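Student: Input: one structure, supplied below.
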Amino acid sequence: MGIPQLTVRRRPGRRHEGLLSAFGRTIPVALGRSGVAFDKREGDGRTPAGTWHIVRALWRPDRAPRPVTRLPLAPIARADGWCDAPGDRRYNRPVHLPFAASHERMWRDDGLYDMVLVLDHNTRPRIRGRGSAVFIHVARNAGRDRFAATEGCIALRPDDLRRLLARLAPDTPVRVAP
């Protein structure tokens, strides 16, 4: 039967809002503040269009029980970061904090990274400046059942992300339509 694909598309007329279709369901998601494009650049706020694969999942063990999943799973620690400095040799890779170059802190107070699906965007090969830390993670609520834009990631409600995580297999493809 093969591995099911997740499909993400932008909502018509809404640059940073989208819909994710998988397993017979369609759920709302947040997208990058600058929409979706094939030509992703570091810091441009765009969600990269294309087909990516889910490599592994991360979660904050102090905020939630271990999620049910078939994906490789690791807890996020206080000293975990992700390098977003295009000139650094560890660009678009996990790093240990403190870290001198520009980076994202994975242990966040706002809950966005309480559950994270790591995508293989810009990993093989890694190209400087083509985008880093593109994840599927928890959405920031913007009120009235709407989400705030991301910096280029795909974001879902925590309950939707947890349900999705339980059904995913390693290397599940995620097709992001422009």
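By order in the structure tokens, chains are A, B, ...; within a chain, residues start at 1; ligands start at 1, following the order shown.
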Could you give me, as a Markdown table, a per-residue list for stretch 43-112 of chain A showing, wherever an atom lies at most 9 Å from an atom of stretch 136-150 of chain A, the closest pair of atoms and their distance in Å to one decimal, using only C-alpha atoms and sorting by chain then residue number from low to high?

Tutor:
| residue | atom | partner | partner_atom | distance |
| --- | --- | --- | --- | --- |
| A:Gly45 | CA | A:Thr150 | CA | 7.1 |
| A:Arg46 | CA | A:Thr150 | CA | 8.5 |
| A:Thr47 | CA | A:Thr150 | CA | 8.4 |
| A:Ile54 | CA | A:Ile136 | CA | 9.0 |
| A:Asp110 | CA | A:Arg140 | CA | 8.4 |
| A:Gly111 | CA | A:Val138 | CA | 7.1 |
| A:Leu112 | CA | A:Val138 | CA | 4.7 |

Student: Taking only chain A into account, list the residues labelled alpha helix (DSSP H) by DSSP (computed from the backbone), as a list of chain:residue names.

Tutor: A:Pro158, A:Asp159, A:Asp160, A:Leu161, A:Arg162, A:Arg163, A:Leu164, A:Leu165, A:Ala166, A:Arg167

Student: Which residues are close to A:Ile154, i.e. within 10 Å by only C-alpha atoms, leaving aside same-chain residues fewer than 5 positions away? Reply as a ChimeraX atom specification.

Tutor: /A:8,16-20,29-32,47-48,117,134-139,149,176

Student: Can you work out which one of A:Ala79, A:Pro173, A:Pro178, A:Pro98 has the shortest atom-to-atom distance to A:Gln5, counting only C-alpha atoms?

Tutor: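 Going through A:Ala79, A:Pro173, A:Pro178, A:Pro98 one by one, the smallest distance to A:Gln5 is for A:Pro173.
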
Student: Show me, as a short mmCIF file (atom, residue, chain, number, x, y, z; two decimals) with C-alpha atoms, in the first residue's frame, the residues that have an atom within 8 Å of A:Val68 when counting only C-alpha atoms, minus same-chain residues fewer than 3 positions from it.

Tutor:
data_model
loop_
_atom_site.label_atom_id
_atom_site.label_comp_id
_atom_site.auth_asym_id
_atom_site.auth_seq_id
_atom_site.Cartn_x
_atom_site.Cartn_y
_atom_site.Cartn_z
CA ARG A 162 -0.52 14.78 18.30
CA LEU A 165 2.08 12.11 14.86
CA ALA A 166 0.42 8.86 15.96
#

Student: In Å, rounded to a single decimal, give me how far atom CA of A:Ala177 is from atom CA of A:Pro28.

Tutor: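 Taking atom CA of A:Pro28 and atom CA of A:Ala177, their separation equals 14.7 Å.
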
Student: I need the residues of chain A that end up classed as strand (DSSP E or B) by DSSP on the backbone, written out as a PyMOL selection string.

Tutor: chain A and resi 6-10+17-22+25-30+32+36-37+47-48+50-59+73-75+80-83+94-96+103-105+115-119+135-138+141-143+146-147+150+154-156+173-176

Student: Using only C-alpha atoms, find the one residue out of A:Gly43, A:Arg108, A:Ala49, A:Arg33 that sits nearest to A:Thr7.

Tutor: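 Closest candidate: A:Ala49.
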
Student: Which of these residues is nearest to A:Val36, using only C-alpha atoms: A:Gly129, A:Pro67, A:Gly152, A:Pro158?

Tutor: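 That would be A:Gly152, the residue with the smallest distance to A:Val36.
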
Student: Between A:Met115, A:Ser132, A:Asp120, A:Glu104, which has the minimum distance to A:Pro86 (counting only C-alpha atoms)?

Tutor: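 Closest to A:Pro86 of all the choices is A:Ser132.
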
Student: Quick one: pull the distance between atom CA of A:Ala101 and atom CA of A:Glu42, Å, one decimal.

Tutor: 14.4 Å

Student: What is the distance, in Å and to one decimal place, between atom CA of A:Asp160 and atom CA of A:Gly24?

Tutor: 13.4 Å

Student: Find, counting only C-alpha atoms, the residue in A:Asp159, A:Asp39, A:Asp80, A:Asp44 that gets nearest to A:Trp107.

Tutor: A:Asp80
